[in-house]
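Source file: structure19.txt (compact mmCIF, C-alpha atoms and all ligand atoms)
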```txt
# COMPACT_ATOMS: atom_id res chain seq x y z
CA MET P 1 85.45 127.15 82.95
CA THR P 2 88.95 125.84 82.37
CA GLY P 3 89.34 122.59 84.37
CA PHE P 4 92.22 120.16 84.33
CA ARG P 5 93.80 119.88 80.85
CA ALA P 6 95.52 116.63 79.95
CA THR P 7 97.55 116.20 76.78
CA VAL P 8 98.86 112.72 76.03
CA LEU P 9 101.59 112.03 73.48
CA THR P 10 101.57 108.45 72.29
CA LEU P 11 102.24 106.15 69.36
CA TYR P 12 98.85 104.56 70.05
CA PRO P 13 96.27 107.37 70.21
CA GLU P 14 93.46 104.84 69.83
CA MET P 15 94.15 103.73 73.44
CA PHE P 16 92.61 107.04 74.65
CA PRO P 17 90.31 107.92 76.29
CA GLY P 18 89.75 104.15 76.57
CA PRO P 19 88.69 103.37 80.13
CA LEU P 20 88.82 107.09 80.98
CA GLY P 21 85.81 107.61 78.69
CA ILE P 22 83.69 105.35 80.93
CA ALA P 23 82.12 105.65 84.40
CA LEU P 24 83.29 108.39 86.81
CA SER P 25 86.09 109.83 84.63
CA GLY P 26 83.99 109.49 81.46
CA LYS P 27 81.07 111.41 82.96
CA ALA P 28 83.47 114.09 84.19
CA LEU P 29 84.99 114.29 80.70
CA ALA P 30 81.55 114.67 79.12
CA LYS P 31 80.69 117.38 81.66
CA GLY P 32 83.86 119.29 80.82
CA LEU P 33 85.35 118.94 84.32
CA TRP P 34 88.56 117.93 82.58
CA SER P 35 89.72 117.74 78.97
CA LEU P 36 91.91 115.32 77.05
CA ASP P 37 93.94 115.99 73.90
CA VAL P 38 95.75 113.10 72.34
CA ALA P 39 98.66 113.63 69.95
CA ASP P 40 100.13 110.90 67.77
CA ILE P 41 103.92 111.09 68.14
CA ARG P 42 104.21 109.56 64.67
CA ASP P 43 102.75 112.78 63.20
CA ALA P 44 106.05 114.42 64.19
CA ALA P 45 108.04 112.04 61.98
CA GLU P 46 109.23 113.54 58.73
CA ASP P 47 110.64 110.74 56.62
CA ARG P 48 108.74 108.58 54.16
CA HIS P 49 108.46 105.68 56.59
CA ARG P 50 107.36 107.95 59.43
CA SER P 51 109.93 106.32 61.69
CA VAL P 52 110.10 107.46 65.30
CA ASP P 53 112.78 105.15 66.70
CA ASP P 54 116.29 103.99 65.95
CA THR P 55 118.82 101.47 67.25
CA PRO P 56 120.48 102.18 70.61
CA ALA P 57 123.83 103.94 70.57
CA GLY P 58 126.38 101.54 72.03
CA GLY P 59 124.44 98.52 70.81
CA GLY P 60 122.09 96.18 72.61
CA PRO P 61 118.57 94.98 72.04
CA GLY P 62 115.50 96.95 71.03
CA MET P 63 114.91 100.43 69.74
CA VAL P 64 114.96 103.92 71.25
CA MET P 65 112.48 106.73 70.57
CA ARG P 66 114.30 109.59 68.87
CA ALA P 67 114.86 112.85 70.78
CA ASP P 68 114.11 115.08 67.79
CA ILE P 69 110.77 113.37 67.06
CA VAL P 70 109.60 113.38 70.70
CA ALA P 71 110.69 117.03 71.09
CA ARG P 72 108.84 118.08 67.94
CA ALA P 73 105.69 116.31 69.14
CA LEU P 74 106.03 118.05 72.52
CA ASP P 75 106.63 121.48 70.99
CA ARG P 76 103.51 121.14 68.87
CA ALA P 77 101.42 119.98 71.83
CA ALA P 78 102.51 122.57 74.40
CA ALA P 79 103.90 126.10 74.01
CA PRO P 80 107.11 126.92 75.93
CA ASP P 81 105.11 129.03 78.43
CA ASP P 82 102.52 126.28 79.02
CA PRO P 83 102.35 126.06 82.83
CA ARG P 84 101.48 122.36 82.90
CA PRO P 85 104.08 119.88 84.19
CA ARG P 86 105.60 117.68 81.48
CA LEU P 87 105.69 114.07 82.53
CA LEU P 88 107.31 111.01 81.01
CA MET P 89 105.92 107.69 82.14
CA SER P 90 108.96 105.60 83.06
CA PRO P 91 109.84 102.73 85.40
CA ARG P 92 112.83 104.82 86.54
CA GLY P 93 110.61 107.68 87.58
CA ARG P 94 109.34 109.17 90.80
CA PRO P 95 106.88 106.66 92.24
CA LEU P 96 103.28 107.81 91.72
CA ARG P 97 101.78 108.34 95.17
CA GLN P 98 98.63 109.98 96.44
CA ASP P 99 100.36 113.22 97.53
CA PHE P 100 101.74 113.70 94.01
CA VAL P 101 98.32 112.85 92.53
CA ARG P 102 96.78 115.50 94.80
CA ASP P 103 99.35 118.11 93.70
CA LEU P 104 98.65 117.35 90.04
CA ALA P 105 94.88 117.58 90.58
CA ALA P 106 95.32 121.02 92.15
CA GLY P 107 97.24 122.26 89.09
CA PRO P 108 96.31 123.26 85.53
CA GLY P 109 96.79 119.81 83.99
CA ALA P 110 99.62 117.70 82.60
CA VAL P 111 101.41 116.94 79.36
CA ILE P 112 102.19 113.23 79.40
CA VAL P 113 104.63 111.39 77.14
CA CYS P 114 104.14 107.64 76.79
CA GLY P 115 107.31 105.71 76.01
CA ARG P 116 107.55 102.54 73.91
CA PHE P 117 110.38 100.19 72.93
CA GLU P 118 113.40 100.57 75.26
CA GLY P 119 112.33 104.10 76.14
CA VAL P 120 113.22 107.59 74.89
CA ASP P 121 116.57 109.22 74.07
CA GLU P 122 117.91 110.67 77.34
CA ARG P 123 118.57 114.09 75.77
CA VAL P 124 114.89 114.94 75.32
CA ILE P 125 114.20 114.25 79.01
CA GLU P 126 116.72 116.92 79.97
CA GLY P 127 116.08 119.18 76.96
CA ARG P 128 112.33 119.47 77.52
CA GLY P 129 112.37 119.25 81.33
CA LEU P 130 110.41 116.01 81.58
CA THR P 131 109.64 114.61 85.03
CA GLU P 132 109.77 110.83 84.96
CA VAL P 133 106.90 109.14 86.78
CA SER P 134 106.59 105.43 87.58
CA VAL P 135 103.41 103.56 88.43
CA GLY P 136 105.27 100.74 90.15
CA ASP P 137 108.25 98.44 90.24
CA TYR P 138 107.44 96.38 87.18
CA VAL P 139 107.93 96.92 83.47
CA LEU P 140 105.03 97.63 81.13
CA SER P 141 105.32 97.38 77.36
CA GLY P 142 104.40 101.04 77.02
CA GLY P 143 103.60 104.20 78.94
CA GLU P 144 99.93 104.25 77.90
CA PRO P 145 98.52 102.06 80.70
CA ALA P 146 100.63 104.07 83.15
CA ALA P 147 99.20 107.35 81.81
CA LEU P 148 95.68 105.92 82.14
CA VAL P 149 96.42 105.02 85.76
CA LEU P 150 97.81 108.48 86.55
CA LEU P 151 94.89 110.31 84.92
CA ASP P 152 92.30 108.07 86.58
CA ALA P 153 93.80 108.82 90.00
CA VAL P 154 93.91 112.57 89.28
CA VAL P 155 90.48 112.97 87.70
CA ARG P 156 88.57 111.45 90.61
CA LEU P 157 90.00 114.19 92.86
CA LEU P 158 88.92 117.09 90.63
CA PRO P 159 86.20 119.33 92.07
CA GLY P 160 82.73 118.09 91.17
CA VAL P 161 83.82 114.63 90.04
CA MET P 162 83.10 112.63 93.20
CA GLY P 163 79.72 112.96 94.83
CA LYS P 164 80.49 113.10 98.50
CA THR P 165 83.46 115.18 99.58
CA GLU P 166 84.44 112.73 102.30
CA SER P 167 84.75 109.83 99.89
CA GLY P 168 88.01 111.46 98.83
CA THR P 169 89.46 112.10 102.26
CA GLU P 170 88.94 108.85 104.18
CA GLU P 171 90.53 106.61 101.64
CA SER P 172 93.69 104.52 101.64
CA PHE P 173 96.82 106.73 101.76
CA GLU P 174 94.99 109.99 102.47
CA ALA P 175 95.84 109.72 106.17
CA GLY P 176 98.98 107.67 105.50
CA LEU P 177 97.11 104.46 106.35
CA LEU P 178 95.44 101.74 104.32
CA GLU P 179 91.69 101.86 104.56
CA TYR P 180 89.65 99.89 107.11
CA PRO P 181 87.51 96.92 105.88
CA HIS P 182 84.05 97.56 104.47
CA TYR P 183 80.83 95.58 104.94
CA THR P 184 77.28 95.86 103.69
CA ARG P 185 74.07 93.82 103.76
CA PRO P 186 73.26 90.97 104.01
CA GLN P 187 73.97 90.92 107.74
CA VAL P 188 74.92 87.24 107.59
CA TRP P 189 76.70 85.79 104.55
CA GLU P 190 78.02 82.22 104.47
CA GLU P 191 77.76 82.19 108.28
CA GLN P 192 79.93 85.29 108.59
CA THR P 193 78.40 88.28 110.31
CA ILE P 194 79.22 91.97 110.04
CA PRO P 195 81.33 93.05 113.08
CA GLU P 196 78.84 93.95 115.83
CA VAL P 197 80.31 97.43 116.44
CA LEU P 198 79.42 98.57 112.91
CA THR P 199 75.72 97.98 113.51
CA SER P 200 75.76 99.46 117.03
CA GLY P 201 75.01 103.02 115.94
CA ASP P 202 77.73 104.25 118.33
CA HIS P 203 79.72 106.61 116.10
CA GLY P 204 82.58 107.03 118.55
CA ARG P 205 83.11 103.27 118.86
CA ILE P 206 82.80 102.85 115.09
CA ALA P 207 85.44 105.52 114.42
CA ARG P 208 87.79 103.89 116.97
CA TRP P 209 87.24 100.43 115.49
CA ARG P 210 87.95 101.71 111.98
CA ARG P 211 91.10 103.53 113.02
CA GLU P 212 92.42 100.46 114.85
CA ALA P 213 91.60 98.22 111.89
CA ALA P 214 93.34 100.64 109.50
CA GLU P 215 96.41 100.76 111.73
CA ARG P 216 96.54 96.96 112.09
CA LEU P 217 96.24 96.42 108.33
CA THR P 218 98.90 99.02 107.58
CA ALA P 219 101.34 97.58 110.14
CA GLU P 220 100.81 94.06 108.75
CA ARG P 221 100.83 94.78 105.04
CA ARG P 222 102.89 97.93 104.58
CA PRO P 223 105.66 98.30 107.15
CA ASP P 224 107.02 101.19 105.02
CA LEU P 225 103.82 103.23 105.39
CA TRP P 226 103.50 102.23 109.04
CA THR P 227 106.98 103.55 109.89
CA ASP P 228 106.21 106.90 108.19
CA TYR P 229 102.84 107.12 109.93
CA GLN P 230 104.32 106.53 113.39
CA ALA P 231 107.06 109.09 112.78
CA ARG P 232 104.44 111.66 111.73
CA ARG P 233 102.37 110.92 114.80
CA ARG P 234 105.37 111.32 117.11
CA ALA P 235 106.16 114.66 115.44
CA ASP P 236 102.54 115.81 115.87
CA GLU P 237 102.68 114.95 119.57
CA THR P 238 105.91 116.88 120.13
CA ASN P 239 104.53 119.95 118.37
CA ARG P 240 101.20 119.95 120.15
CA PRO P 241 101.04 121.90 123.43
CA ARG P 242 100.65 119.49 126.38
CA ARG P 243 97.23 119.49 128.01
CA SER P 244 98.57 118.81 131.52
CA ARG P 245 100.95 121.78 131.23
CA SER P 246 98.25 124.28 130.29
CA ARG P 247 96.40 123.43 133.50
CA ASP P 248 99.14 124.30 135.98
N1 LIG A 301 114.01 99.73 79.03
C1 LIG A 301 113.21 100.35 80.03
C2 LIG A 301 111.77 99.84 79.98
C3 LIG A 301 111.02 100.29 78.76
S1 LIG A 301 109.35 99.80 78.81
C4 LIG A 301 113.80 100.07 81.40
O1 LIG A 301 114.33 98.99 81.61
O2 LIG A 301 113.67 100.93 82.29
C5 LIG A 301 108.65 100.86 77.58
C6 LIG A 301 107.91 102.08 78.10
O3 LIG A 301 106.85 101.66 78.95
C7 LIG A 301 108.73 103.04 78.91
O4 LIG A 301 109.40 103.95 78.10
C8 LIG A 301 107.67 103.73 79.75
O5 LIG A 301 107.07 104.81 79.05
C9 LIG A 301 106.64 102.65 79.95
N2 LIG A 301 106.70 101.99 81.27
C10 LIG A 301 107.11 100.73 81.52
N3 LIG A 301 107.03 100.44 82.82
C11 LIG A 301 106.55 101.53 83.44
C12 LIG A 301 106.27 101.86 84.79
N4 LIG A 301 106.46 100.99 85.77
N5 LIG A 301 105.78 103.09 85.05
C13 LIG A 301 105.60 104.00 84.07
N6 LIG A 301 105.86 103.75 82.76
C14 LIG A 301 106.33 102.54 82.44
```

The structure given in the file should be rewritten as structure tokens.
Ligand code: SAH
Amino acid sequence: MTGFRATVLTLYPEMFPGPLGIALSGKALAKGLWSLDVADIRDAAEDRHRSVDDTPAGGGPGMVMRADIVARALDRAAAPDDPRPRLLMSPRGRPLRQDFVRDLAAGPGAVIVCGRFEGVDERVIEGRGLTEVSVGDYVLSGGEPAALVLLDAVVRLLPGVMGKTESGTEESFEAGLLEYPHYTRPQVWEEQTIPEVLTSGDHGRIARWRREAAERLTAERRPDLWTDYQARRRADETNRPRRSRSRD
């Protein structure tokens, strides 16, 4: 079997598999449900000091990863006809969201470049067709934690990785909503009880309660998601044939 193939290019190969070698993703890795190759970008350096970066053109602080070094590392790691998307972790990138994660998980894998310093020379982004991906509006010191986040999110969706199929579909973002609150035994904890409906055994009421709770949380915490969700629901209603019409 082939499975999802991840190749990570980094200056710190010892950071991988790191947390991905443990728990759900680690078991899946051991089972061969996905594979991970790690390439040290420094191996693509050719001078005596094995330097990979240089000072920014135009001046300013920090260092920039050289286009020729990153390109050489990429060309060694993936042939030109490799069908996998080439990603560059970058705070300027496309925000990593669940729909993108799902698309990646449905594909053959990913080649992921982790930046360091001030980032990489712009020319290699264009020259090697890299898609920039961001894990959020904050700045990390390197792309490695971002790559770990992306791969963790992808791997849990791969076939055979999660036990129950529904534990992938009911979660936050899958329906465009944040998830409803969870409870488990004990029934009473520090004088707080589990909401009565959840122990009623009435599956219809439980589903309604969960949907309402998910909607309330989303409206309160994520007005951006809530607006999208309502727009989608309005569109669904317009497209659906009206019940009352079909009767007359
Ligand atoms: N000078 C850059 C930040 C460089 S941070 C800027 O202002 O945009 C160094 C590296 O960390 C980046 O090249 C990138 O690979 C990674 N990185 C930092 N923040 C990230 C984020 N939010 N998402 C993905 N990668 C990030």

Using only C-alpha atoms and all ligand atoms, which protein or nucleic acid residues are at most 9 Å from ligand LIG 301 (chain A), as an MDAnalysis selection string? chainID P and resid 62 64:65 88:93 95:96 113:120 132:147

What does the file look like for those residues with C-alpha atoms, as a short mmCIF file (atom, residue, chain, number, x, y, z; two decimals), keeping the file's coordinate frame?
```cif
data_model
loop_
_atom_site.label_atom_id
_atom_site.label_comp_id
_atom_site.auth_asym_id
_atom_site.auth_seq_id
_atom_site.Cartn_x
_atom_site.Cartn_y
_atom_site.Cartn_z
CA GLY P 62 115.50 96.95 71.03
CA VAL P 64 114.96 103.92 71.25
CA MET P 65 112.48 106.73 70.57
CA LEU P 88 107.31 111.01 81.01
CA MET P 89 105.92 107.69 82.14
CA SER P 90 108.96 105.60 83.06
CA PRO P 91 109.84 102.73 85.40
CA ARG P 92 112.83 104.82 86.54
CA GLY P 93 110.61 107.68 87.58
CA PRO P 95 106.88 106.66 92.24
CA LEU P 96 103.28 107.81 91.72
CA VAL P 113 104.63 111.39 77.14
CA CYS P 114 104.14 107.64 76.79
CA GLY P 115 107.31 105.71 76.01
CA ARG P 116 107.55 102.54 73.91
CA PHE P 117 110.38 100.19 72.93
CA GLU P 118 113.40 100.57 75.26
CA GLY P 119 112.33 104.10 76.14
CA VAL P 120 113.22 107.59 74.89
CA GLU P 132 109.77 110.83 84.96
CA VAL P 133 106.90 109.14 86.78
CA SER P 134 106.59 105.43 87.58
CA VAL P 135 103.41 103.56 88.43
CA GLY P 136 105.27 100.74 90.15
CA ASP P 137 108.25 98.44 90.24
CA TYR P 138 107.44 96.38 87.18
CA VAL P 139 107.93 96.92 83.47
CA LEU P 140 105.03 97.63 81.13
CA SER P 141 105.32 97.38 77.36
CA GLY P 142 104.40 101.04 77.02
CA GLY P 143 103.60 104.20 78.94
CA GLU P 144 99.93 104.25 77.90
CA PRO P 145 98.52 102.06 80.70
CA ALA P 146 100.63 104.07 83.15
CA ALA P 147 99.20 107.35 81.81
#
```

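With all atoms listed in the file as the atoms that count, the minimum distance from Tyr12 (chain P) to the choices P:Ile41, P:Leu150, P:Gly107, P:Ala30 is reached by P:Ile41.
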
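You will find CA of Asp224 (chain P) at 17.6 Å from CA of Glu212 (chain P).
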
Non-local contacts of region 75-82 of chain P (9 Å; all atoms listed in the file; under 5 positions in same chain excluded) as number ranges by chain: P: 7-9, 37-39, 44, 70, 111, 128

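Between CA of Met162 (chain P) and CA of Gly26 (chain P) the separation is 12.2 Å.
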